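J.: Just dropping this structure here.
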Amino acid sequence: MKLITLFKAVFTKLRNIIEQCCFFFTECKVTMKTFFYIFLLCLLPAQTVAGEALTEDTFWHGEVTLSDDLLVPSGVTLTIAAGTTIIINPAKSTKIDPEYLSHYTEILVHGSLRAEGTELQPVLFKLGKTDEGDDRWAGIIVDNGEAYLAGSEIRDAETGIYVVNGKLKVDGSKLSGNRYGIVAQGEATQALIQNSLISDNDYGLLTLNKASLQTEEVTFRSNSKKDVHEAVRQTVMLNDFPEYQLSNEKEITRFYKDEALAGQTIWKGRIMIDGIVRVPTEARLIILPGTLVEFLKKDTIGDGIGENGLLVQGHFIAKGTPQQPIIFRSAETTRRMGDWDAINILGSDRGQNIMEFCQIEDAYRALHFHFSNVIVTNSILRHNFRGAQFQESLVELRESYFYRNKSGIQARDSEMVFRGNLVADNHTGANFFRVNLEAYDNIFTNNDLEGLRLREGTPRITKNMFWGNRYGLLVADAVYGEYRENFIAGNLETGISLRNTDHIKMVGNFIQQNTINGINLLDSRTIIQGNLISLNGERGIGVQSFSGRIEGNNITGNGLYGIGLDGESDVSAINNWWADSDLDAEIFDSHDDPGLGTVTYQPQNRVPFEVVWPFEEIISDVSWAGALNVPDNVEVAAGATLHLLPGTAVYFGPEIGLQSHGRIIADGTQTKRIQFLSKEKRGPGSWGEILIDKGDASSFSFCDFSNATWGLHLHFTRVDVTDCLFTNNEGGLRFRSGPVTIERSVFKNNRIGIRSMRGVGTIENSAILDNEIGIFIREKGSGFTIHKNNMHDNERYNLRLGDFNKENVDARQNWWGTHQPLETIFDDRREPGIGQVEFDPFALEPLPIPDE
């Protein structure tokens with residue numbers, strides 16, 4: 001009876017298949033060969049793929065269930081037949097494998113993917129069974145590979161298709177119900193989307209970092225955030241990434257295969273390894289400065305990943321020096337990422353394992369720790385699938401560089417100090433899960449995805465810079481944590497995102513110039529206080545669901561809204577400073593959409609809160625607004641720009657100032673002047689100076705300088721100074737070379753108003769009065785002119801030439817406060833041998849120039 005039932009079921013299936021094939025044969029006019037090809041495909045059973053790295057060209061058809069990550073390596077092609085359905089079941093995994101790029105289930109393409117769907121027989125990618133919270137899969141990620149998708153539909157993904165430095169062609173396809181439809185990232189990316197529908201995603205198309213993305217006959221519909229978004233990271237002014245060098249001509253001093261070291265072993269010279277070298281529990285390996293350790297590639301399973309490496313269970317010390325570093329790398333002629341496995345330190349916690357001045361490259365995981373105690377300082381981890389990975393360990397990483405890896409660093413369930421490091425130009429930066437983390441003075445920049453991702457744990461994140469990443473800082477599922485005095489700016493989407501967090505404090509951060517939102521809040525209870533939130537592309541703070549306080553912040557100049565509410569809960573945002581914004585337009589809430597909650601913003605602060613600038617160097621474009629307290633000297637790096645918004649007040653401590661090799665733009669307005677002044681107001685010399693030395697062209701307009709040693713000190717830089725006031729300084733402005741243009745400015749009650757040495761430029765339409773000396777020209781004064789100014793009532797001289805000035809100075813058409821200008825001038829008529837001031841003709845009465 002069971003056999004008859006089974007026969008009937010098979011017969012029914014065959015009949016349905018034949019009917020489908022006949023339809024194609026008659027309606028689509030396919031050939032007989034294609035007819036039988038489709039017929040045979042329909043007879044094949046469904047496939048289940050547990051997740052793997054393909055080792056040969058592969059063909060999918062029918063129904064395919066994917067239950068874990070899939071890798072299509074370089075040189076391998078995955079072809080998907082028309083009518084195939086791929087069902088992705090989210091995998092319960094911690095996603096620690098370095099070659100994968102997402103914490104969701106992904107199809108990762110280094111080789112080639114071809115989906116050959118049609119309008120009538122599409123290829124469908126969709127989410128399968130999910131547990132609570134697993135409502136996404138990663139999507140198709142094309143990483144330095146290529147993909148062609150015709151007649152395809154992709155649903156339910158974090159990103160339908162993400163192509164980074166690869167090639168993509170999409171034709172006649174649909175991407176819907178994803179967070180992002182298509183993301184193209186990187187200058188090497190070439191993407192063509194044609195005859196396709198992109199609908200019901202949060203974002204349709206994102207183009208990042210100069211990717212080439214072309215569209216032809218693409219329809220956008222009902223994408224909730226944006227149909228198209230484009231962003232390019234701005235440059236961060238870092239010195240070239242460091243690189244240690246050792247001679248390639250060293251003789252091989254030791255050669256190892258698979259073996260264990262006994263007792264204490266010392267390595268020096270050049271070490272060659274073709275196996276796994278083990279340091280047992282009672283053994284110790286010491287590597288001397290200048291040693292080169294190379295690993296031959298052994299890949300027995302054909303997945304492209306090398307297997308040779310170090311396995312340390314005892315004690316490991318590798319202490320190089322700046323002049324004699326220790327280098328671990330591939331021994332292959334053409335070195336590639338993943339040629340060897342790792343320096344594995346496992347169960348070594350009886351003493352501290354030490355690495356100093358080491359460079360580790362070409363590995364699968366450069367450093368890999370479990371249940372160990374490790375300190376790494378002044379080291380370089382580059383060109384690895386992952387720079388460092390560890391769990392259940394006590395780790396300190398200081399003054400080191402993680403750059404140009406697929407993944408910079410990943411850790412879980414550990415105690416960690418992360419100080420003074422650079423995490424840059426990786427695909428993913430740093431990812432920490434349940435880590436008690438103390439991170440300060442680090443730079444996370446130019447990573448393709450997040451600079452820093454935190455999940456759970458109790459982090460203290462202080463004085464870090466997050467710049468030019470796709471996402472600056474992502475925090476999820478965290479209870480407790482402090483984020484203080486960080487600079488989170490210039491990220492391509494969001495500066496900082498908080499999701500499902502509680503008891504979080506965000507205090508004294510600078511969150512600005514992020515392309516979409518400065519802060520995103522989802523299911524979070526947070527104190528947001530004392531931050532400068534400015535100049536973000538769309539929203540200063542985007543809120544979906546939030547409880548907590550947004551209080552005591554300076555919120556100004558954001559593109560669409562200071563606060564944009566996208567949920568039903570009310571939000572408290574009292575006692576913030578909004579500059580002179582129209583708060584009806586600055587806040588999006590129930591007043592704009594009755595289905596939303598209400599943002600309470602009254603009372604508001606009428607003057608800005610004072611925010612402390614926490615960094616000694618500015619290495620990217622920075623904007624100051626409101627009131628800034630500068631307790632330490634600050635340097636603007638070459639190529640960087642410090643931009644001060646109108647109305648900004650900058651307070652300096654004793655002997656503190658700015659030094660710039662880049663650009664300073666301080667352009668106030670007549671009603672919103674910019675002020676540079678002393679924190680303590682003890683009179684002239686209460687703070688240092690603003691020094692611009694061989695910098696980029698800078699400008700100061702409607703600025704006030706008071707109580708400084710020198711208001712402005714300029715060397716070899718083009719600077720325009722207009723409508724400025726210099727008062728109660730030791731000196732107002734001094735310069736060498738230039739050119740410097742001073743117009744409509746006032747120099748009053750300084751010891752010296754203006755001092756020039758070999759200066760080039762002009763002083764016009766300005767008032768120079770009540771100083772001890774108005775203008776002092778120390779040397780070579782013929783390079784600039786002093787015309788149409790009021791110079792009077794200066795205690796000693798309106799204009800004094802120095803002992804080394806042998807040239808005449810053009811100072812005509814000025815008002816000197818008297819009809820006897822020579823009485824106010826010191827030149828060769830008082831000291832023969834120095835130059836002469838050419839003052840005739842001169843004004844007989846004061847010129848109409850304000851003196852305040």
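Going through the structure tokens in order, the chains are called A, B, and so on, while each chain numbers its residues from 1 and the ligands are numbered from 1 in the order shown.
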Within 7 Å of Asn805 in chain A, counting only C-alpha atoms, which residues qualify if same-chain residues fewer than 3 places away don't, as a short mmCIF file (atom, residue, chain, number, x, y, z; two decimals) with N, CA and C atoms, in the first residue's frame?

T.:
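As a result, selection-v3.cif now contains:
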```cif
data_model
loop_
_atom_site.label_atom_id
_atom_site.label_comp_id
_atom_site.auth_asym_id
_atom_site.auth_seq_id
_atom_site.Cartn_x
_atom_site.Cartn_y
_atom_site.Cartn_z
N ARG A 778 61.37 94.56 11.83
CA ARG A 778 62.71 94.20 12.27
C ARG A 778 63.71 94.15 11.11
N GLU A 779 63.29 93.61 9.96
CA GLU A 779 64.25 93.36 8.89
C GLU A 779 63.51 93.26 7.56
N LYS A 780 64.13 93.82 6.49
CA LYS A 780 63.62 93.73 5.12
C LYS A 780 62.15 94.12 5.04
N GLY A 781 61.91 95.39 5.22
CA GLY A 781 60.54 95.90 5.26
C GLY A 781 60.00 96.35 3.92
N LEU A 801 61.43 101.06 12.72
CA LEU A 801 62.27 100.16 11.95
C LEU A 801 63.38 99.62 12.84
N GLY A 802 63.71 98.34 12.66
CA GLY A 802 64.71 97.70 13.48
C GLY A 802 66.12 97.95 12.98
N ILE A 834 69.89 102.63 8.89
CA ILE A 834 68.73 101.76 8.69
C ILE A 834 67.85 102.39 7.62
N GLY A 835 66.76 101.73 7.25
CA GLY A 835 65.91 102.23 6.18
C GLY A 835 65.11 103.45 6.60
#
```

J.: So which residues touch range 431-447 of chain A within 7 Å, counting only C-alpha atoms, skipping near sequence neighbours fewer than 2 positions away, as a VMD selection string?

T.: chain A and resid 409 to 429 449 to 470

J.: Return as a CSV table (one decimal) with N, CA, C and O atoms, in the first residue's frame the full set of residues in range 549-707 of chain A whose backbone-based DSSP assignment is strand (DSSP E or B).

T.:
```csv
chain,number,residue,atom,x,y,z
A,549,ARG,N,18.5,60.6,29.1
A,549,ARG,CA,18.6,62.1,29.1
A,549,ARG,C,19.5,62.6,28.0
A,549,ARG,O,20.7,62.1,27.8
A,550,ILE,N,19.1,63.5,27.2
A,550,ILE,CA,19.9,64.2,26.3
A,550,ILE,C,19.9,65.7,26.8
A,550,ILE,O,19.0,66.4,26.6
A,551,GLU,N,21.0,66.0,27.5
A,551,GLU,CA,21.0,67.2,28.3
A,551,GLU,C,22.4,67.8,28.3
A,551,GLU,O,23.4,67.1,28.4
A,554,ASN,N,25.9,70.8,23.1
A,554,ASN,CA,25.8,71.8,22.1
A,554,ASN,C,25.5,71.1,20.8
A,554,ASN,O,26.2,70.3,20.3
A,555,ILE,N,24.3,71.4,20.2
A,555,ILE,CA,23.8,70.7,19.0
A,555,ILE,C,23.6,71.8,18.0
A,555,ILE,O,22.7,72.7,18.1
A,556,THR,N,24.3,71.8,16.9
A,556,THR,CA,24.3,72.9,15.9
A,556,THR,C,24.7,72.4,14.6
A,556,THR,O,25.6,71.6,14.4
A,561,TYR,N,18.0,67.6,10.8
A,561,TYR,CA,17.5,67.8,12.2
A,561,TYR,C,18.6,67.7,13.2
A,561,TYR,O,19.5,66.8,13.1
A,562,GLY,N,18.5,68.4,14.3
A,562,GLY,CA,19.3,68.2,15.4
A,562,GLY,C,18.9,66.9,16.1
A,562,GLY,O,19.8,66.1,16.4
A,563,ILE,N,17.6,66.7,16.3
A,563,ILE,CA,17.1,65.4,16.7
A,563,ILE,C,16.0,65.0,15.8
A,563,ILE,O,15.0,65.7,15.6
A,564,GLY,N,16.1,63.8,15.2
A,564,GLY,CA,15.0,63.2,14.4
A,564,GLY,C,14.4,62.0,15.0
A,564,GLY,O,15.1,61.0,15.2
A,565,LEU,N,13.2,62.0,15.4
A,565,LEU,CA,12.5,60.9,16.1
A,565,LEU,C,11.8,60.1,15.1
A,565,LEU,O,11.1,60.6,14.2
A,571,VAL,N,10.8,61.7,24.1
A,571,VAL,CA,12.2,61.9,24.3
A,571,VAL,C,12.4,63.2,25.1
A,571,VAL,O,11.9,64.2,24.8
A,572,SER,N,13.3,63.1,26.2
A,572,SER,CA,13.6,64.3,27.0
A,572,SER,C,15.0,64.9,26.5
A,572,SER,O,16.0,64.2,26.5
A,577,TRP,N,22.1,73.5,24.2
A,577,TRP,CA,22.3,74.7,23.4
A,577,TRP,C,22.1,74.4,21.9
A,577,TRP,O,22.8,73.5,21.4
A,587,ILE,N,13.8,70.0,15.1
A,587,ILE,CA,13.4,68.7,15.7
A,587,ILE,C,12.3,68.1,14.9
A,587,ILE,O,11.3,68.8,14.6
A,588,PHE,N,12.4,66.8,14.6
A,588,PHE,CA,11.3,66.1,13.9
A,588,PHE,C,10.7,65.2,14.9
A,588,PHE,O,11.3,64.2,15.4
A,599,VAL,N,9.4,65.2,21.4
A,599,VAL,CA,10.7,65.6,21.9
A,599,VAL,C,10.5,66.9,22.8
A,599,VAL,O,10.1,67.9,22.3
A,600,THR,N,10.8,66.8,24.1
A,600,THR,CA,10.7,67.9,25.0
A,600,THR,C,12.0,68.6,25.0
A,600,THR,O,13.0,68.0,25.5
A,605,ASN,N,19.2,76.0,26.8
A,605,ASN,CA,20.3,76.9,27.2
A,605,ASN,C,20.5,78.0,26.2
A,605,ASN,O,20.6,77.7,25.0
A,610,GLU,N,30.6,74.8,27.9
A,610,GLU,CA,32.1,74.7,27.6
A,610,GLU,C,32.4,73.3,27.5
A,610,GLU,O,32.2,72.5,28.4
A,611,VAL,N,33.0,72.9,26.3
A,611,VAL,CA,33.5,71.5,26.1
A,611,VAL,C,35.0,71.5,26.0
A,611,VAL,O,35.6,72.3,25.3
A,612,VAL,N,35.6,70.5,26.6
A,612,VAL,CA,37.1,70.4,26.6
A,612,VAL,C,37.5,69.7,25.4
A,612,VAL,O,37.0,68.6,25.0
A,617,GLU,N,46.7,66.7,19.0
A,617,GLU,CA,47.0,66.8,17.5
A,617,GLU,C,45.7,66.7,16.8
A,617,GLU,O,44.8,65.8,17.1
A,618,ILE,N,45.5,67.5,15.7
A,618,ILE,CA,44.4,67.4,14.8
A,618,ILE,C,44.9,66.9,13.5
A,618,ILE,O,45.7,67.5,12.8
A,622,VAL,N,38.5,69.2,11.3
A,622,VAL,CA,37.8,69.3,12.6
A,622,VAL,C,37.0,70.7,12.6
A,622,VAL,O,37.6,71.7,12.1
A,623,SER,N,35.8,70.7,13.2
A,623,SER,CA,35.1,71.9,13.4
A,623,SER,C,34.9,72.2,14.8
A,623,SER,O,34.4,71.3,15.6
A,624,TRP,N,35.1,73.4,15.3
A,624,TRP,CA,34.8,73.8,16.6
A,624,TRP,C,33.7,74.8,16.6
A,624,TRP,O,33.6,75.7,15.7
A,627,ALA,N,31.6,76.8,22.8
A,627,ALA,CA,32.7,77.2,23.7
A,627,ALA,C,33.6,76.1,23.9
A,627,ALA,O,33.2,75.0,24.3
A,628,LEU,N,34.9,76.3,23.6
A,628,LEU,CA,35.9,75.3,23.7
A,628,LEU,C,37.0,75.6,24.8
A,628,LEU,O,37.5,76.7,24.8
A,629,ASN,N,37.3,74.7,25.6
A,629,ASN,CA,38.3,74.8,26.6
A,629,ASN,C,39.5,74.0,26.1
A,629,ASN,O,39.4,72.8,25.9
A,630,VAL,N,40.7,74.7,25.9
A,630,VAL,CA,41.9,74.0,25.3
A,630,VAL,C,42.9,74.0,26.4
A,630,VAL,O,43.6,75.0,26.6
A,634,VAL,N,47.8,72.4,21.1
A,634,VAL,CA,47.2,71.6,20.0
A,634,VAL,C,47.9,71.9,18.7
A,634,VAL,O,48.2,73.1,18.4
A,635,GLU,N,48.2,70.9,18.0
A,635,GLU,CA,48.9,71.0,16.7
A,635,GLU,C,47.9,70.6,15.6
A,635,GLU,O,47.4,69.5,15.6
A,636,VAL,N,47.8,71.4,14.5
A,636,VAL,CA,47.0,71.0,13.3
A,636,VAL,C,48.0,70.5,12.3
A,636,VAL,O,48.9,71.2,11.9
A,641,THR,N,42.5,70.6,8.4
A,641,THR,CA,41.9,71.9,8.6
A,641,THR,C,41.1,72.0,9.9
A,641,THR,O,40.4,71.1,10.2
A,642,LEU,N,41.4,73.0,10.6
A,642,LEU,CA,40.6,73.4,11.8
A,642,LEU,C,39.6,74.5,11.4
A,642,LEU,O,40.1,75.6,11.0
A,643,HIS,N,38.4,74.3,11.4
A,643,HIS,CA,37.3,75.2,11.0
A,643,HIS,C,36.6,75.7,12.3
A,643,HIS,O,36.0,74.8,13.0
A,644,LEU,N,36.6,77.0,12.5
A,644,LEU,CA,35.8,77.5,13.7
A,644,LEU,C,34.5,78.2,13.1
A,644,LEU,O,34.6,79.0,12.3
A,649,ALA,N,33.9,80.5,20.9
A,649,ALA,CA,34.8,81.1,21.8
A,649,ALA,C,35.8,80.0,22.2
A,649,ALA,O,35.4,78.9,22.6
A,650,VAL,N,37.1,80.3,22.2
A,650,VAL,CA,38.1,79.3,22.5
A,650,VAL,C,38.9,79.9,23.7
A,650,VAL,O,39.5,81.0,23.6
A,651,TYR,N,39.0,79.1,24.8
A,651,TYR,CA,39.6,79.5,26.0
A,651,TYR,C,40.9,78.7,26.2
A,651,TYR,O,40.9,77.4,26.2
A,652,PHE,N,42.0,79.3,26.3
A,652,PHE,CA,43.3,78.7,26.4
A,652,PHE,C,43.8,78.8,27.9
A,652,PHE,O,43.7,79.9,28.5
A,658,LEU,N,47.8,77.2,19.8
A,658,LEU,CA,47.6,76.4,18.6
A,658,LEU,C,48.9,76.5,17.8
A,658,LEU,O,49.4,77.6,17.6
A,659,GLN,N,49.3,75.4,17.2
A,659,GLN,CA,50.3,75.4,16.2
A,659,GLN,C,49.8,74.7,15.0
A,659,GLN,O,49.3,73.6,15.1
A,660,SER,N,49.9,75.3,13.8
A,660,SER,CA,49.3,74.7,12.6
A,660,SER,C,50.4,74.6,11.5
A,660,SER,O,51.1,75.5,11.2
A,663,ARG,N,45.7,74.1,7.9
A,663,ARG,CA,44.9,75.2,7.6
A,663,ARG,C,44.0,75.5,8.8
A,663,ARG,O,43.4,74.6,9.4
A,664,ILE,N,43.8,76.9,9.1
A,664,ILE,CA,42.9,77.3,10.1
A,664,ILE,C,41.9,78.3,9.4
A,664,ILE,O,42.3,79.3,8.8
A,665,ILE,N,40.6,78.0,9.4
A,665,ILE,CA,39.6,78.8,8.9
A,665,ILE,C,38.7,79.3,10.0
A,665,ILE,O,38.0,78.5,10.6
A,666,ALA,N,38.9,80.6,10.4
A,666,ALA,CA,38.1,81.2,11.5
A,666,ALA,C,37.4,82.4,10.9
A,666,ALA,O,37.9,83.5,11.1
A,667,ASP,N,36.3,82.1,10.3
A,667,ASP,CA,35.5,83.2,9.7
A,667,ASP,C,34.2,83.4,10.4
A,667,ASP,O,33.2,82.7,10.3
A,674,ILE,N,34.2,85.4,16.5
A,674,ILE,CA,35.0,84.3,17.0
A,674,ILE,C,36.0,84.9,18.0
A,674,ILE,O,36.7,85.9,17.7
A,675,GLN,N,36.1,84.3,19.2
A,675,GLN,CA,37.0,84.8,20.2
A,675,GLN,C,38.1,83.8,20.6
A,675,GLN,O,37.8,82.6,20.8
A,676,PHE,N,39.3,84.3,20.7
A,676,PHE,CA,40.4,83.6,21.2
A,676,PHE,C,40.9,84.3,22.5
A,676,PHE,O,41.4,85.4,22.4
A,677,LEU,N,40.7,83.7,23.7
A,677,LEU,CA,41.0,84.4,24.9
A,677,LEU,C,41.5,83.4,26.0
A,677,LEU,O,41.5,82.2,25.8
A,678,SER,N,41.8,84.0,27.1
A,678,SER,CA,42.4,83.3,28.2
A,678,SER,C,41.4,82.7,29.1
A,678,SER,O,40.3,83.3,29.4
A,687,TRP,N,47.9,83.5,27.9
A,687,TRP,CA,48.0,82.2,27.1
A,687,TRP,C,49.0,82.4,26.0
A,687,TRP,O,49.6,83.5,25.9
A,688,GLY,N,49.3,81.4,25.2
A,688,GLY,CA,50.4,81.4,24.3
A,688,GLY,C,50.1,82.2,23.0
A,688,GLY,O,50.0,83.4,23.0
A,689,GLU,N,50.0,81.4,21.9
A,689,GLU,CA,49.8,82.1,20.6
A,689,GLU,C,49.2,81.1,19.7
A,689,GLU,O,49.1,79.9,19.9
A,690,ILE,N,48.7,81.6,18.5
A,690,ILE,CA,48.3,80.8,17.4
A,690,ILE,C,49.4,80.9,16.4
A,690,ILE,O,49.6,82.0,15.8
A,691,LEU,N,50.2,79.9,16.2
A,691,LEU,CA,51.3,79.9,15.3
A,691,LEU,C,51.0,79.0,14.1
A,691,LEU,O,50.6,77.9,14.2
A,692,ILE,N,51.1,79.7,12.9
A,692,ILE,CA,51.0,78.9,11.6
A,692,ILE,C,52.3,78.9,10.9
A,692,ILE,O,52.8,80.0,10.5
A,693,ASP,N,52.9,77.8,10.8
A,693,ASP,CA,54.3,77.6,10.3
A,693,ASP,C,54.2,76.8,9.0
A,693,ASP,O,54.0,75.6,9.1
A,698,SER,N,45.3,80.2,5.1
A,698,SER,CA,44.4,80.3,6.2
A,698,SER,C,43.7,81.7,6.3
A,698,SER,O,44.2,82.6,5.6
A,699,SER,N,42.6,81.8,7.0
A,699,SER,CA,41.9,83.1,7.1
A,699,SER,C,41.3,83.3,8.5
A,699,SER,O,40.8,82.3,9.1
A,700,PHE,N,41.3,84.5,8.9
A,700,PHE,CA,40.6,85.0,10.1
A,700,PHE,C,39.8,86.2,9.8
A,700,PHE,O,40.4,87.2,9.4
A,701,SER,N,38.5,86.1,10.1
A,701,SER,CA,37.7,87.3,9.9
A,701,SER,C,36.7,87.4,11.0
A,701,SER,O,36.2,86.4,11.5
A,703,CYS,N,37.3,88.1,14.1
A,703,CYS,CA,37.9,87.4,15.3
A,703,CYS,C,38.4,88.4,16.3
A,703,CYS,O,38.9,89.5,15.9
A,704,ASP,N,38.4,88.0,17.5
A,704,ASP,CA,38.9,88.8,18.6
A,704,ASP,C,40.0,88.0,19.3
A,704,ASP,O,39.8,86.9,19.7
A,705,PHE,N,41.2,88.6,19.5
A,705,PHE,CA,42.4,88.0,20.1
A,705,PHE,C,42.7,88.9,21.4
A,705,PHE,O,43.0,90.1,21.2
A,706,SER,N,42.7,88.3,22.5
A,706,SER,CA,42.9,89.1,23.7
A,706,SER,C,43.8,88.3,24.7
A,706,SER,O,43.7,87.1,24.8
```

J.: For range 746-760 of chain A, work out the shell of residues within 8 Å, counting only C-alpha atoms and skipping chain neighbours fewer than 4 positions away, then give it as an MDAnalysis selection string.

T.: chainID A and resid 684 723:740 766:781 783:784 850:852

J.: List the spatial neighbours of Ala363 in chain A as number ranges by chain - criterion: any atom at most 6 Å away, only C-alpha atoms, same-chain residues fewer than 4 positions off excluded.

T.: A: 337-342, 384

J.: Which neighbours of range 379-383 of chain A fall inside 7 Å, counting only C-alpha atoms, when residues of the same chain fewer than 6 positions from it are skipped, and could you give them as number ranges by chain?

T.: A: 337, 356-362, 366, 400-405

J.: Within 7 Å of Gln313 in chain A, counting only C-alpha atoms, which residues show up once you throw out same-chain ones fewer than 3 positions away? Write them as a list in words, please.

T.: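 The residues satisfying every condition are Val279, Pro280, Thr281, Ile345, Leu346, Gly347 and Ser348 of chain A.
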
J.: Just to confirm, what's the straight-line distance from CA of Met506 in chain A to CA of Thr526 in chain A in Å (one decimal)?

T.: 7.4 Å

J.: For Pro841 in chain A, find every residue with an atom within 12 Å (counting only C-alpha atoms), except residues of its own chain fewer than 6 positions away, and show them as a VMD selection string.

T.: chain A and resid 787 to 788 810 to 816 819 to 821

J.: Would you please work out which residue, of A:Thr159, A:Ser112, A:Gln604, A:Thr321, is nearest to Trp578 in chain A when using only C-alpha atoms?

T.: A:Gln604

J.: Please indicate the distance in Å from CA of Leu583 in chain A to CA of Gln602 in chain A, rounded to one decimal place.

T.: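 Between CA of Leu583 in chain A and CA of Gln602 in chain A the gap works out to 10.0 Å.
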
J.: Using only C-alpha atoms, which of the listed residues (A:Val719, A:Glu187, A:Gln194, A:Asn144) sits closest to Lys169 in chain A?

T.: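 Of the candidates, the smallest distance to Lys169 in chain A is held by A:Gln194.
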
J.: Could you check how far CA of Tyr483 in chain A sits from CA of Val507 in chain A, in Å to one decimal?

T.: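 Pair CA of Tyr483 in chain A / CA of Val507 in chain A returns 6.4 Å.
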
J.: Apply DSSP to the structure's backbone, then extract all residues of range 448-684 of chain A labelled helix (DSSP H, G or I) and return them as JSON, numbers by chain.

T.: {"A": [583, 584, 585, 586]}
